[in-house]
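Visitor: Can you keep this structure in mind? I'll have questions shortly.
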There are 2 protein chains.
Amino acid sequence: MANLDTILLDHSHCERKAAGVALNLMFRYPSYTRLVRQLTAIAREELEHFELVNQWLEKRGIPLAPLSSPPYGALLKAEIRRDEPERLLDSLLVSSLIEARSHERLGLLATHCQDRDLADFYQSLMASEARHYGVYWVLADTYFEPDVVTERLEELAIKESEFLAHLHPEPRIHS
Amino acid sequence: MANLDTILLDHSHCERKAAGVALNLMFRYPSYTRLVRQLTAIAREELEHFELVNQWLEKRGIPLAPLSSPPYGALLKAEIRRDEPERLLDSLLVSSLIEARSHERLGLLATHCQDRDLADFYQSLMASEARHYGVYWVLADTYFEPDVVTERLEELAIKESEFLAHLHPEPRIHS
């Protein structure tokens, strides 16, 4: 709450990165019709959110600027196995976990933010993050056996919470 | 006209690539507010077109599949100078030229396509391509002196037409 401007700027970067991740997967798996269709919708929505967050930045007089990322994303990315089909499974599940965690974080912001309009904005984005979490998970279930998905999701979820157990000193959405 | 299915598949790849190019520029120049704002709108629109083209593919029973790119894009990309600020100028002008050329090609498809609905579809996309051409050009004019922009645009436009003077043997939007 003491660093809302930085959090907003970091959030802007998160939405652009989320669109980039969806688009990269569409590039990597161009024949996976269901994946392409669902991720096109997600990429479009992330870009819409990116625009909305940027309107908040403008409203508060915060200039667009680079901002160092917390280690969260890179640590998760390092867990993605290199060979197919594991690479696809892990990519989908890592994205799924990031969306779920974003849902949690935006929820906390919505609950604790004193600015009523900004709190409402965070609230409005929460539902999308939860939906995206579901889309990535269902895509994993489309291309892999449910048991394989559940087992790997558990492994990655444990890693993910371990990464966040070490608090990153800078104010970020995924600190 | 004899290879409309391949042209549609290539067109789908073109729209996804165009979204990717816009997003990459947003990543590379995160503090360039005007660029970020305009390219967010372009990326969203390219993804919308990607979805529309994919609906045409589905309607005609053409599965999503990889397709080799013609040399056009790679040749133009090779003309982009490596150092800033030239890299930004060239990136914007190359995108501008690709959009202008796409406008011409979709226009030819709209004129000659026998399928009335598909011709109308090409017609409807033409206007966007022309607008995107303008957006990229105006962005170049925002960050560079008009004389510098005009001179470099002329150089690149000559290169661009030279690349297309050698007809690529496969049916593609930019053959």
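Just so we're on the same page: first chain in the structure tokens is A, next is B, and so on; residues restart at 1 for each chain, and ligands are numbered from 1 in the order they show up.
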Select from chain B every residue with an atom at most 8 Å from any atom of chain A, then for each give the shortest pair of atoms and their distance in Å to one decimal, using only C-alpha atoms, rows by chain and rising number, as a tab-separated table.

Guide:
```
residue	atom	partner	partner_atom	distance
B:Arg16	CA	A:Phe27	CA	7.9
B:Gly20	CA	A:Leu23	CA	7.0
B:Leu23	CA	A:Gly20	CA	7.0
B:Phe27	CA	A:Arg16	CA	7.9
B:Pro30	CA	A:Ala65	CA	6.0
B:Ser31	CA	A:Ala65	CA	4.5
B:Tyr32	CA	A:Leu64	CA	7.2
B:Thr33	CA	A:Leu64	CA	6.3
B:Arg37	CA	A:Glu51	CA	7.4
B:Thr40	CA	A:Leu47	CA	6.5
B:Ala43	CA	A:Leu47	CA	8.0
B:Arg44	CA	A:Arg44	CA	5.6
B:Leu47	CA	A:Thr40	CA	6.5
B:Glu48	CA	A:Arg44	CA	7.8
B:Glu51	CA	A:Thr40	CA	7.3
B:Pro63	CA	A:Ser31	CA	7.3
B:Leu64	CA	A:Ser31	CA	4.7
B:Ala65	CA	A:Ser31	CA	4.5
B:Pro66	CA	A:Pro30	CA	6.1
```

Visitor: May I have the selected residues written with C-alpha atoms, as a PDB file, in the first residue's frame?

Guide:
```pdb
ATOM      1  CA  ARG B  16      -0.058 -13.471 -35.727  1.00  0.00           C
ATOM      2  CA  GLY B  20       4.209 -10.336 -32.407  1.00  0.00           C
ATOM      3  CA  LEU B  23       4.385  -6.559 -28.992  1.00  0.00           C
ATOM      4  CA  PHE B  27       8.846  -4.688 -24.983  1.00  0.00           C
ATOM      5  CA  PRO B  30       8.579   0.382 -22.681  1.00  0.00           C
ATOM      6  CA  SER B  31       8.963   4.106 -21.834  1.00  0.00           C
ATOM      7  CA  TYR B  32       7.875   5.408 -25.261  1.00  0.00           C
ATOM      8  CA  THR B  33       4.332   6.229 -24.194  1.00  0.00           C
ATOM      9  CA  ARG B  37      -0.253   3.132 -26.680  1.00  0.00           C
ATOM     10  CA  THR B  40      -1.143  -1.916 -28.046  1.00  0.00           C
ATOM     11  CA  ALA B  43      -1.524  -5.685 -31.542  1.00  0.00           C
ATOM     12  CA  ARG B  44      -5.104  -6.071 -30.332  1.00  0.00           C
ATOM     13  CA  LEU B  47      -5.089 -10.600 -32.920  1.00  0.00           C
ATOM     14  CA  GLU B  48      -8.711  -9.882 -33.799  1.00  0.00           C
ATOM     15  CA  GLU B  51      -9.129 -14.850 -35.061  1.00  0.00           C
ATOM     16  CA  PRO B  63      -6.391 -27.137 -40.317  1.00  0.00           C
ATOM     17  CA  LEU B  64      -3.999 -24.736 -38.591  1.00  0.00           C
ATOM     18  CA  ALA B  65      -0.498 -25.794 -39.600  1.00  0.00           C
ATOM     19  CA  PRO B  66       3.002 -24.370 -39.870  1.00  0.00           C
TER      20      PRO B  66
END
```

Visitor: If we count only C-alpha atoms and set the cut-off at 7 Å, which residues sit around region 85-99 of chain B, ignoring sequence neighbours fewer than 2 positions away in its own chain? Please answer as a PyMOL selection string.

Guide: chain B and resi 76+80-83+101-103+129-130+132-133+136-137+140+153+157

Visitor: Identify all residues of region 28-154 of chain B in alpha helix (DSSP H) (DSSP on the backbone) and supply them as a PyMOL selection string.

Guide: chain B and resi 28+33-59+72-78+86-112+116-143+146-154

Visitor: Can those selected residues be exported to a file as a CSV table (one decimal), in the first residue's frame so that it contains C-alpha atoms?

Guide:
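Generated file (selection14.csv):
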```
chain,number,residue,atom,x,y,z
B,28,ARG,CA,11.9,-3.0,-26.5
B,33,THR,CA,4.3,6.2,-24.2
B,34,ARG,CA,2.9,7.1,-27.6
B,35,LEU,CA,4.5,4.1,-29.2
B,36,VAL,CA,3.3,1.7,-26.5
B,37,ARG,CA,-0.3,3.1,-26.7
B,38,GLN,CA,-0.5,3.0,-30.5
B,39,LEU,CA,1.1,-0.5,-30.8
B,40,THR,CA,-1.1,-1.9,-28.0
B,41,ALA,CA,-4.1,-1.0,-30.2
B,42,ILE,CA,-2.4,-2.4,-33.3
B,43,ALA,CA,-1.5,-5.7,-31.5
B,44,ARG,CA,-5.1,-6.1,-30.3
B,45,GLU,CA,-6.4,-5.5,-33.8
B,46,GLU,CA,-4.0,-7.9,-35.4
B,47,LEU,CA,-5.1,-10.6,-32.9
B,48,GLU,CA,-8.7,-9.9,-33.8
B,49,HIS,CA,-7.9,-10.3,-37.5
B,50,PHE,CA,-5.9,-13.5,-36.7
B,51,GLU,CA,-9.1,-14.8,-35.1
B,52,LEU,CA,-11.2,-13.8,-38.1
B,53,VAL,CA,-8.8,-15.4,-40.6
B,54,ASN,CA,-8.8,-18.6,-38.4
B,55,GLN,CA,-12.6,-18.6,-38.6
B,56,TRP,CA,-12.3,-18.6,-42.4
B,57,LEU,CA,-9.8,-21.5,-42.2
B,58,GLU,CA,-12.3,-23.5,-40.0
B,59,LYS,CA,-15.2,-22.7,-42.4
B,72,TYR,CA,10.2,-11.1,-47.8
B,73,GLY,CA,10.0,-10.5,-44.0
B,74,ALA,CA,13.5,-11.8,-43.3
B,75,LEU,CA,15.0,-9.7,-46.1
B,76,LEU,CA,13.4,-6.5,-44.8
B,77,LYS,CA,14.4,-7.4,-41.2
B,78,ALA,CA,18.0,-7.6,-42.4
B,86,GLU,CA,18.5,3.9,-36.2
B,87,ARG,CA,17.1,0.6,-35.0
B,88,LEU,CA,13.9,2.2,-33.9
B,89,LEU,CA,13.5,4.2,-37.0
B,90,ASP,CA,14.1,1.3,-39.3
B,91,SER,CA,11.8,-1.0,-37.3
B,92,LEU,CA,9.0,1.4,-37.6
B,93,LEU,CA,9.5,2.0,-41.3
B,94,VAL,CA,9.9,-1.7,-42.1
B,95,SER,CA,6.6,-2.4,-40.3
B,96,SER,CA,5.0,0.5,-42.1
B,97,LEU,CA,6.1,-0.8,-45.5
B,98,ILE,CA,4.8,-4.3,-44.7
B,99,GLU,CA,1.4,-2.9,-43.7
B,100,ALA,CA,1.3,-0.9,-46.9
B,101,ARG,CA,2.2,-3.9,-49.0
B,102,SER,CA,-0.4,-6.0,-47.2
B,103,HIS,CA,-2.9,-3.4,-48.0
B,104,GLU,CA,-2.1,-3.7,-51.7
B,105,ARG,CA,-2.2,-7.5,-51.6
B,106,LEU,CA,-5.5,-7.8,-49.7
B,107,GLY,CA,-6.9,-5.3,-52.2
B,108,LEU,CA,-5.9,-7.5,-55.1
B,109,LEU,CA,-7.5,-10.5,-53.3
B,110,ALA,CA,-10.6,-8.5,-52.7
B,111,THR,CA,-10.8,-7.5,-56.4
B,112,HIS,CA,-10.2,-10.9,-57.9
B,116,ARG,CA,-18.2,-12.8,-52.6
B,117,ASP,CA,-18.1,-13.3,-48.8
B,118,LEU,CA,-14.3,-13.8,-48.8
B,119,ALA,CA,-13.8,-10.9,-51.1
B,120,ASP,CA,-15.8,-8.7,-48.7
B,121,PHE,CA,-13.7,-10.0,-45.9
B,122,TYR,CA,-10.4,-9.0,-47.6
B,123,GLN,CA,-12.0,-5.6,-48.4
B,124,SER,CA,-12.8,-5.1,-44.7
B,125,LEU,CA,-9.2,-5.8,-43.7
B,126,MET,CA,-7.7,-3.5,-46.3
B,127,ALA,CA,-8.6,-0.3,-44.4
B,128,SER,CA,-6.9,-1.5,-41.3
B,129,GLU,CA,-3.7,-2.3,-43.1
B,130,ALA,CA,-3.7,1.2,-44.6
B,131,ARG,CA,-4.3,2.7,-41.2
B,132,HIS,CA,-1.5,0.7,-39.6
B,133,TYR,CA,0.8,1.9,-42.3
B,134,GLY,CA,0.0,5.4,-41.3
B,135,VAL,CA,0.4,4.7,-37.5
B,136,TYR,CA,3.9,3.3,-38.0
B,137,TRP,CA,4.9,6.2,-40.2
B,138,VAL,CA,3.5,8.8,-37.8
B,139,LEU,CA,5.3,7.1,-34.9
B,140,ALA,CA,8.5,7.4,-36.9
B,141,ASP,CA,7.7,11.1,-37.4
B,142,THR,CA,7.1,11.5,-33.7
B,143,TYR,CA,10.6,10.3,-32.7
B,146,PRO,CA,10.7,14.5,-41.0
B,147,ASP,CA,13.6,14.7,-43.4
B,148,VAL,CA,15.4,11.8,-41.9
B,149,VAL,CA,12.1,9.7,-42.0
B,150,THR,CA,11.4,10.5,-45.6
B,151,GLU,CA,14.9,9.8,-46.8
B,152,ARG,CA,15.1,6.5,-45.0
B,153,LEU,CA,11.5,5.5,-46.0
B,154,GLU,CA,12.5,6.0,-49.7
```

Visitor: Can you measure CA of Leu156 (chain A) to CA of Glu15 (chain A) for me? One decimal in Å is fine.

Guide: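 Rounded to one decimal, the two atoms are 21.9 Å apart.
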
Visitor: Please compute the CA of Ile158 (chain B)-CA of Cys113 (chain B) distance, one decimal, in Å.

Guide: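 Between CA of Ile158 (chain B) and CA of Cys113 (chain B) the gap works out to 28.7 Å.
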
Visitor: Of the candidates A:Leu164, A:Met1, A:Leu9, A:Val21, which shows the shortest atom-to-atom distance to Gly61 (chain A), using only C-alpha atoms?

Guide: A:Leu9

Visitor: Enter the distance from CA of Asp5 (chain A) to CA of Ile173 (chain A), in Å, rounded to one decimal.

Guide: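 Distance between the two atoms: 11.6 Å.
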